Amino acid sequence: MIKALAEVTGYQDGWLSLACQQQTSCGSCQSQSQCGTGIVSKALPGKVKHLKVRAPKPLPAGTLVEIGLGEATLLRSALLVYMVPLVMMLTGALLGQFLFATLAGSGEGGVIALSLGLGAVGVGLARHLAPRIGTQEQQQPQLLRVMGEPVSDLAVINTTQQDSD
């Protein structure tokens, strides 16, 4: 199960509205201080994704929760989204090479056009097949546990200031 932390932003009709910070892989390697991508990822704030999760009871806004998505669903989705267009594009290139270069004796323009055309067909096919790779419940993130209630503003202690003697 792939897990992430999210903050509750609301509750309506059995569904929690959540805000989840998108995690990037950048910033976790040894060379993050010399890498341009690592420096840019530190400077720019991460994207916040808004999603809904079914919940048995309402939770107050600001509550931190843990959500999860099954790995099998994510792997099937990634396989479909990446491999179908790639296979179609390679098929277009091979078919174009045979049709245009071998039989017709023309240049690479037809090969490239057929490859891009079948790649676009592959993208459309992946979009068409994507809703069918699992049930709606399998594709929906699940609420795993409630991490904690929001802290009231009165209970927050500023630890950067020291009391005077």
# chains A, B, ... in the order shown; residues from 1 in each chain; ligands from 1
$ residues_around --residues "segment 109-116 of chain A" --least-positions-apart "2" --cutoff "10 Å" --atoms "only C-alpha atoms" --output "ChimeraX atom specification"
/A:85-86,88-101,104,106-107,118-122
$ write_last_selection --atoms "N, CA, C and O atoms" --output "compact mmCIF listing (two decimals), in the first residue's frame"
# COMPACT_ATOMS: atom_id res chain seq x y z
N PRO A 85 0.90 3.43 -25.36
CA PRO A 85 1.36 4.37 -26.39
C PRO A 85 2.75 4.03 -26.94
O PRO A 85 3.00 4.19 -28.14
N LEU A 86 3.64 3.53 -26.08
CA LEU A 86 4.99 3.19 -26.53
C LEU A 86 4.97 2.03 -27.52
O LEU A 86 5.62 2.08 -28.57
N MET A 88 2.43 1.09 -29.37
CA MET A 88 1.78 1.57 -30.60
C MET A 88 2.73 2.43 -31.43
O MET A 88 2.76 2.32 -32.66
N MET A 89 3.53 3.25 -30.77
CA MET A 89 4.49 4.10 -31.49
C MET A 89 5.57 3.25 -32.17
O MET A 89 5.93 3.50 -33.33
N LEU A 90 6.07 2.25 -31.46
CA LEU A 90 7.08 1.37 -32.06
C LEU A 90 6.49 0.56 -33.20
O LEU A 90 7.15 0.33 -34.22
N THR A 91 5.24 0.13 -33.05
CA THR A 91 4.56 -0.58 -34.14
C THR A 91 4.43 0.32 -35.36
O THR A 91 4.65 -0.11 -36.50
N GLY A 92 4.10 1.58 -35.13
CA GLY A 92 4.00 2.55 -36.22
C GLY A 92 5.34 2.76 -36.91
O GLY A 92 5.40 2.88 -38.14
N ALA A 93 6.40 2.80 -36.13
CA ALA A 93 7.73 2.98 -36.72
C ALA A 93 8.13 1.78 -37.57
O ALA A 93 8.65 1.93 -38.69
N LEU A 94 7.88 0.58 -37.06
CA LEU A 94 8.22 -0.63 -37.83
C LEU A 94 7.36 -0.77 -39.08
O LEU A 94 7.87 -1.08 -40.16
N LEU A 95 6.06 -0.50 -38.94
CA LEU A 95 5.16 -0.57 -40.07
C LEU A 95 5.50 0.51 -41.10
O LEU A 95 5.52 0.26 -42.30
N GLY A 96 5.82 1.70 -40.61
CA GLY A 96 6.22 2.79 -41.51
C GLY A 96 7.51 2.49 -42.24
O GLY A 96 7.66 2.81 -43.42
N GLN A 97 8.45 1.88 -41.54
CA GLN A 97 9.71 1.51 -42.17
C GLN A 97 9.47 0.51 -43.30
O GLN A 97 10.05 0.62 -44.37
N PHE A 98 8.59 -0.45 -43.04
CA PHE A 98 8.30 -1.45 -44.07
C PHE A 98 7.53 -0.83 -45.23
O PHE A 98 7.87 -1.05 -46.40
N LEU A 99 6.48 -0.04 -44.93
CA LEU A 99 5.64 0.52 -45.99
C LEU A 99 6.32 1.62 -46.79
O LEU A 99 6.33 1.60 -48.02
N PHE A 100 6.89 2.58 -46.09
CA PHE A 100 7.40 3.76 -46.78
C PHE A 100 8.84 3.60 -47.27
O PHE A 100 9.18 3.99 -48.38
N ALA A 101 9.70 3.07 -46.41
CA ALA A 101 11.11 3.00 -46.80
C ALA A 101 11.40 1.81 -47.71
O ALA A 101 12.10 1.93 -48.71
N ALA A 104 7.90 1.68 -50.81
CA ALA A 104 7.72 2.90 -51.60
C ALA A 104 9.05 3.57 -51.94
O ALA A 104 9.11 4.38 -52.86
N SER A 106 10.54 5.84 -50.25
CA SER A 106 10.55 7.27 -49.88
C SER A 106 11.38 7.47 -48.62
O SER A 106 11.94 6.54 -48.06
N GLY A 107 11.42 8.71 -48.17
CA GLY A 107 12.26 9.07 -47.02
C GLY A 107 11.63 8.71 -45.68
O GLY A 107 10.69 7.92 -45.59
N LEU A 118 0.28 6.54 -34.78
CA LEU A 118 -0.08 5.37 -33.97
C LEU A 118 0.23 5.61 -32.49
O LEU A 118 -0.45 5.05 -31.62
N GLY A 119 1.20 6.45 -32.20
CA GLY A 119 1.44 6.84 -30.80
C GLY A 119 0.25 7.61 -30.24
O GLY A 119 -0.17 7.38 -29.11
N ALA A 120 -0.33 8.51 -31.04
CA ALA A 120 -1.52 9.24 -30.62
C ALA A 120 -2.72 8.30 -30.45
O ALA A 120 -3.52 8.45 -29.52
N VAL A 121 -2.83 7.32 -31.34
CA VAL A 121 -3.89 6.31 -31.20
C VAL A 121 -3.68 5.53 -29.90
O VAL A 121 -4.64 5.20 -29.19
N GLY A 122 -2.44 5.25 -29.56
CA GLY A 122 -2.12 4.55 -28.31
C GLY A 122 -2.52 5.36 -27.08
O GLY A 122 -3.02 4.80 -26.09
$ residues_around --residues "Lys3 of chain A" --least-positions-apart "6" --cutoff "9 Å" --atoms "only C-alpha atoms" --output "NGL selection string"
:A and (66-70 or 144)
$ atom_distance --atom1 "atom CA of Val146 of chain A" --atom2 "atom CA of Leu74 of chain A"
23.1 Å
$ atom_distance --atom1 "atom CA of Ala61 of chain A" --atom2 "atom CA of Pro141 of chain A"
18.7 Å
$ residues_around --residues "segment 127-132 of chain A" --least-positions-apart "6" --cutoff "10 Å" --atoms "only C-alpha atoms" --output "PDB file with all heavy atoms, in the first residue's frame"
ATOM      1  N   ARG A  76      -0.718  -1.253 -12.399  1.00  0.00           N
ATOM      2  CA  ARG A  76      -1.503  -1.508 -13.614  1.00  0.00           C
ATOM      3  C   ARG A  76      -1.769  -0.212 -14.375  1.00  0.00           C
ATOM      4  O   ARG A  76      -1.689  -0.174 -15.598  1.00  0.00           O
ATOM      5  CB  ARG A  76      -2.822  -2.185 -13.260  1.00  0.00           C
ATOM      6  CG  ARG A  76      -2.692  -3.666 -13.009  1.00  0.00           C
ATOM      7  CD  ARG A  76      -4.046  -4.347 -12.987  1.00  0.00           C
ATOM      8  NE  ARG A  76      -4.962  -3.789 -12.023  1.00  0.00           N
ATOM      9  CZ  ARG A  76      -5.194  -4.274 -10.807  1.00  0.00           C
ATOM     10  NH1 ARG A  76      -4.560  -5.350 -10.420  1.00  0.00           N
ATOM     11  NH2 ARG A  76      -6.050  -3.709 -10.001  1.00  0.00           N
ATOM     12  N   SER A  77      -2.066   0.854 -13.640  1.00  0.00           N
ATOM     13  CA  SER A  77      -2.317   2.145 -14.287  1.00  0.00           C
ATOM     14  C   SER A  77      -1.066   2.653 -14.994  1.00  0.00           C
ATOM     15  O   SER A  77      -1.139   3.121 -16.129  1.00  0.00           O
ATOM     16  CB  SER A  77      -2.770   3.177 -13.253  1.00  0.00           C
ATOM     17  OG  SER A  77      -3.959   2.795 -12.646  1.00  0.00           O
ATOM     18  N   ALA A  78       0.074   2.574 -14.321  1.00  0.00           N
ATOM     19  CA  ALA A  78       1.320   3.039 -14.920  1.00  0.00           C
ATOM     20  C   ALA A  78       1.691   2.206 -16.143  1.00  0.00           C
ATOM     21  O   ALA A  78       2.132   2.747 -17.165  1.00  0.00           O
ATOM     22  CB  ALA A  78       2.447   2.994 -13.892  1.00  0.00           C
ATOM     23  N   LEU A  80      -0.335   0.615 -18.145  1.00  0.00           N
ATOM     24  CA  LEU A  80      -1.255   0.955 -19.222  1.00  0.00           C
ATOM     25  C   LEU A  80      -0.910   2.312 -19.842  1.00  0.00           C
ATOM     26  O   LEU A  80      -0.811   2.442 -21.063  1.00  0.00           O
ATOM     27  CB  LEU A  80      -2.693   0.976 -18.685  1.00  0.00           C
ATOM     28  CG  LEU A  80      -3.754   1.359 -19.692  1.00  0.00           C
ATOM     29  CD1 LEU A  80      -4.006   0.208 -20.644  1.00  0.00           C
ATOM     30  CD2 LEU A  80      -5.022   1.752 -18.982  1.00  0.00           C
ATOM     31  N   VAL A  81      -0.688   3.308 -19.005  1.00  0.00           N
ATOM     32  CA  VAL A  81      -0.468   4.671 -19.492  1.00  0.00           C
ATOM     33  C   VAL A  81       0.855   4.809 -20.247  1.00  0.00           C
ATOM     34  O   VAL A  81       0.939   5.564 -21.214  1.00  0.00           O
ATOM     35  CB  VAL A  81      -0.538   5.669 -18.315  1.00  0.00           C
ATOM     36  CG1 VAL A  81      -0.043   7.032 -18.694  1.00  0.00           C
ATOM     37  CG2 VAL A  81      -1.958   5.754 -17.788  1.00  0.00           C
ATOM     38  N   VAL A  84       1.162   1.162 -23.481  1.00  0.00           N
ATOM     39  CA  VAL A  84       0.288   1.103 -24.657  1.00  0.00           C
ATOM     40  C   VAL A  84       0.711   2.131 -25.708  1.00  0.00           C
ATOM     41  O   VAL A  84       0.915   1.775 -26.873  1.00  0.00           O
ATOM     42  CB  VAL A  84      -1.200   1.244 -24.258  1.00  0.00           C
ATOM     43  CG1 VAL A  84      -2.082   1.437 -25.470  1.00  0.00           C
ATOM     44  CG2 VAL A  84      -1.643   0.021 -23.473  1.00  0.00           C
ATOM     45  N   VAL A 121      -2.834   7.318 -31.340  1.00  0.00           N
ATOM     46  CA  VAL A 121      -3.894   6.313 -31.199  1.00  0.00           C
ATOM     47  C   VAL A 121      -3.684   5.532 -29.897  1.00  0.00           C
ATOM     48  O   VAL A 121      -4.638   5.203 -29.186  1.00  0.00           O
ATOM     49  CB  VAL A 121      -3.922   5.367 -32.418  1.00  0.00           C
ATOM     50  CG1 VAL A 121      -4.810   4.163 -32.174  1.00  0.00           C
ATOM     51  CG2 VAL A 121      -4.378   6.127 -33.653  1.00  0.00           C
ATOM     52  N   GLN A 139      -9.585   2.050  -7.328  1.00  0.00           N
ATOM     53  CA  GLN A 139      -8.907   3.250  -7.816  1.00  0.00           C
ATOM     54  C   GLN A 139      -9.028   4.422  -6.853  1.00  0.00           C
ATOM     55  O   GLN A 139      -8.362   5.429  -7.031  1.00  0.00           O
ATOM     56  CB  GLN A 139      -9.466   3.646  -9.176  1.00  0.00           C
ATOM     57  CG  GLN A 139      -9.184   2.623 -10.245  1.00  0.00           C
ATOM     58  CD  GLN A 139      -9.798   2.997 -11.573  1.00  0.00           C
ATOM     59  OE1 GLN A 139     -10.379   4.052 -11.742  1.00  0.00           O
ATOM     60  NE2 GLN A 139      -9.664   2.117 -12.547  1.00  0.00           N
TER      61      GLN A 139
END
$ atom_distance --atom1 "atom CA of Glu71 of chain A" --atom2 "atom CA of Leu143 of chain A"
15.2 Å
$ residues_around --residues "Gln140 of chain A" --least-positions-apart "4" --cutoff "10 Å" --atoms "only C-alpha atoms" --output "number ranges by chain"
A: 51-54, 68-70, 73, 135-136
$ closest_residue --among "A:Leu64, A:Leu75, A:Ala126, A:Leu59" --to "Ala6 of chain A" --atoms "only C-alpha atoms"
A:Leu64
$ select_by_dssp --residues "segment 80-149 of chain A" --states "strand (DSSP E)" --output "NGL selection string"
:A and (142-148)
$ closest_residue --among "A:Ile133, A:Lys57, A:Gly117, A:Met1" --to "Asp13 of chain A" --atoms "only C-alpha atoms"
A:Lys57
